[in-house]
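Let me begin by presenting the structure, written as structure tokens, before commenting on it.
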Amino acid sequence: MKKPFRIAVLASGGGTNLQSIIDQQQCGRLPVDVTLVISNNPGAGALVRAQQAGINTLCINHRNYPNREDFDRELVNALQQADIDLIVLAGFMRILTPVMLQAFPQRIINIHPALLPAFPGLDVQQQAIDYGARFSGCTVHFVDAGVDTGPIIIQAVVPILPDDSAATLAERILEQEHRIYPQAIQWLAEGRVKIEGRNVLIANTSGDKTALVNPTN
Ligand code: GRF
């Protein structure tokens with residue numbers, strides 16, 4: 001039998017992206033084993049969602065470590081022990097150091113609530129509104145040493161409406177996040193993703209399974 005593709009989800013907050021991954025997995029559309037959920041925040045809703053789904057959880061509180069590298073070493077230990085194939089950052093509010101990046105080259109992905117390379121960093125829904133952009137969206141990308149700079153796997157576009165607040169825009173973007181994150185993970189689990197420089201190639205995409213999700217589909 002084929003070895004299951006084991007993923008770990010790292011989350012600091014409410015965990016709606018985690019939930020979308022769990023839901024897709026449970027209804028048989030995502031061929032992965034959600035092996036482990038790790039949070040740096042003992043109060044993270046993501047931990048509760050994981051426990052409700054019967055997934056192993058671990059809280060590694062960054063406050064208990066003198067520096068980022070020591071925190072990352074603890075993460076690496078846990079992830080290696082669990083024999084994880086792919087690390088999925090879903091609202092994980094810690095910047096990773098080379099300790100993590102070198103332990104899992106090209107095996108860490110992140111979701112960001114803007115159309116990269118526009119608006120990396122934090123509070124990006126408000127930034128997109130303040131800038132006067134007509135569209136924003138979300139991006140799933142590989143994690144590299146920069147902040148939100150790694151090669152892009154899939155993006156979805158979302159319109160910015162005249163009366164949007166950061167909260168209403170965030171909600172509209174989240175709906176798309178919940179579509180594209182499971183999709184990206186599926187492609188990776190199926191071994192269809194190849195990185196060539198900055199470009200990410202997806203083998204055998206066709207029809208509605210393209211890496212561009214536009215506002216009308
Ligand atoms: C999402 O908007 C994600 O793009 C960002 O953090 C948020 C996490 O939301 N990185 P949730 O915890 O998955 O609900």
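Just so we're on the same page: first chain in the structure tokens is A, next is B, and so on; residues restart at 1 for each chain, and ligands are numbered from 1 in the order they show up.
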Shell of 12 Å around Glu196 (chain A), only C-alpha atoms, local chain residues under 6 positions omitted, as a compact mmCIF listing (two decimals) with N, CA and C atoms, in the first residue's frame:
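New file part_18.txt:
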# COMPACT_ATOMS: atom_id res chain seq x y z
N GLN A 106 12.17 23.14 0.65
CA GLN A 106 11.06 23.03 -0.30
C GLN A 106 9.91 22.19 0.23
N GLY A 150 8.61 33.48 -1.21
CA GLY A 150 8.95 32.23 -1.90
C GLY A 150 8.13 32.00 -3.16
N PRO A 151 8.54 31.02 -3.99
CA PRO A 151 7.84 30.73 -5.25
C PRO A 151 6.35 30.45 -5.05
N ILE A 152 5.55 31.01 -5.96
CA ILE A 152 4.08 31.00 -5.83
C ILE A 152 3.49 29.73 -6.45
N ILE A 153 2.62 29.06 -5.70
CA ILE A 153 1.98 27.84 -6.19
C ILE A 153 0.61 28.13 -6.79
N ILE A 202 3.02 22.87 -12.31
CA ILE A 202 2.07 21.86 -11.83
C ILE A 202 1.79 20.92 -13.00
Report the closest atom pair, with its distance in Å rounded to one decimal, for each residue of chain A that has an atom no farther than 6 Å from ligand 1; count only C-alpha atoms and all ligand atoms, sort by chain and then rising residue number, and write it as a tab-separated table.
residue	atom	partner	partner_atom_place_in_ligand_line	distance
A:Gly13	CA	ligand 1	12 (O)	4.4
A:Gly14	CA	ligand 1	12 (O)	4.1
A:Gly15	CA	ligand 1	12 (O)	3.5
A:Thr16	CA	ligand 1	14 (O)	3.6
A:Asn17	CA	ligand 1	13 (O)	3.6
A:Leu18	CA	ligand 1	13 (O)	5.8
A:Ala90	CA	ligand 1	13 (O)	5.3
A:Gly91	CA	ligand 1	6 (O)	3.4
A:Ile111	CA	ligand 1	4 (O)	4.8
A:His112	CA	ligand 1	4 (O)	4.0
A:Pro113	CA	ligand 1	4 (O)	4.2
A:Leu174	CA	ligand 1	2 (O)	5.8
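Using only C-alpha atoms, the protein and nucleic acid residues lying no more than 10 Å from Arg73 (chain A), apart from those fewer than 6 places from it along its own chain, are Leu79, Thr97, Val99, Met100 and Ala103 of chain A.
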Original post:
Using only C-alpha atoms, which of A:Ile22, A:Leu122, A:Leu96, A:Ile108 sits nearest Ile55 (chain A)?
Top reply: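 Selected residue with least distance to Ile55 (chain A): A:Ile22.
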**OP:** Name the closest residue to Pro98 (chain A) among the candidates A:Glu171, A:Asp83, A:Asp123, A:Asp72; distances are taken between atoms, counting only C-alpha atoms.
**Re:** A:Asp72
**OP:** Write out as a ChimeraX atom specification all residues of region 3-209 of chain A that backbone DSSP assigns to alpha helix (DSSP H).
**Re:** /A:16-26,45-52,68-81,98-103,124-131,166-189
Can I get the selected residues back with C-alpha atoms, as a compact mmCIF listing (two decimals), in the first residue's frame?
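Below is the file that was written, part33.txt:
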# COMPACT_ATOMS: atom_id res chain seq x y z
CA THR A 16 -10.29 28.27 9.69
CA ASN A 17 -7.70 27.24 7.09
CA LEU A 18 -6.88 24.19 9.19
CA GLN A 19 -10.60 23.43 9.29
CA SER A 20 -10.91 23.61 5.52
CA ILE A 21 -8.02 21.13 5.19
CA ILE A 22 -9.60 18.78 7.76
CA ASP A 23 -13.00 19.02 6.01
CA GLN A 24 -11.56 18.25 2.57
CA GLN A 25 -9.55 15.36 3.99
CA GLN A 26 -12.56 13.94 5.82
CA GLY A 45 -8.62 27.89 18.32
CA ALA A 46 -6.71 25.72 15.84
CA LEU A 47 -5.71 23.38 18.69
CA VAL A 48 -9.35 22.91 19.65
CA ARG A 49 -10.37 22.24 16.03
CA ALA A 50 -7.61 19.63 15.73
CA GLN A 51 -8.57 17.93 18.98
CA GLN A 52 -12.21 17.80 17.88
CA ARG A 68 14.03 31.97 17.47
CA GLU A 69 16.63 29.31 16.68
CA ASP A 70 15.97 27.35 19.88
CA PHE A 71 12.23 27.54 19.24
CA ASP A 72 12.79 26.30 15.69
CA ARG A 73 14.98 23.42 16.93
CA GLU A 74 12.07 22.24 19.07
CA LEU A 75 9.78 22.45 16.02
CA VAL A 76 12.25 20.47 13.89
CA ASN A 77 12.49 17.73 16.56
CA ALA A 78 8.73 17.36 16.75
CA LEU A 79 8.27 17.39 12.97
CA GLN A 80 11.07 14.88 12.37
CA GLN A 81 9.75 12.55 15.05
CA PRO A 98 17.38 28.77 8.72
CA VAL A 99 17.13 26.03 11.39
CA MET A 100 13.66 25.14 10.08
CA LEU A 101 14.27 26.06 6.44
CA GLN A 102 17.38 23.88 6.14
CA ALA A 103 15.74 20.93 7.89
CA VAL A 124 -2.39 43.56 4.46
CA GLN A 125 -6.16 43.84 3.93
CA GLN A 126 -6.10 47.39 5.35
CA GLN A 127 -2.98 48.18 3.32
CA ALA A 128 -4.68 47.07 0.08
CA ILE A 129 -7.74 49.23 0.87
CA ASP A 130 -5.62 52.26 1.82
CA TYR A 131 -3.60 51.90 -1.36
CA ALA A 166 -10.41 45.28 6.54
CA ALA A 167 -12.78 42.78 8.20
CA THR A 168 -15.17 42.39 5.25
CA LEU A 169 -12.30 42.10 2.81
CA ALA A 170 -10.55 39.56 5.05
CA GLU A 171 -13.72 37.49 5.12
CA ARG A 172 -14.05 37.51 1.31
CA ILE A 173 -10.37 36.58 0.97
CA LEU A 174 -10.68 33.77 3.55
CA GLU A 175 -13.40 32.10 1.44
CA GLN A 176 -10.87 31.82 -1.36
CA GLU A 177 -8.09 30.72 1.00
CA HIS A 178 -10.28 27.78 1.94
CA ARG A 179 -10.46 26.79 -1.73
CA ILE A 180 -6.85 27.23 -2.79
CA TYR A 181 -4.95 25.86 0.22
CA PRO A 182 -6.43 22.35 0.02
CA GLN A 183 -5.89 22.49 -3.76
CA ALA A 184 -2.19 23.30 -3.39
CA ILE A 185 -1.74 20.58 -0.78
CA GLN A 186 -3.45 18.07 -3.07
CA TRP A 187 -1.04 18.88 -5.91
CA LEU A 188 1.93 18.45 -3.56
CA ALA A 189 0.56 15.18 -2.15
Original post:
If you measure from CA of Asn204 (chain A) to CA of Ala156 (chain A), what distance in Å do you get, rounded to one decimal?
Top reply: 19.3 Å
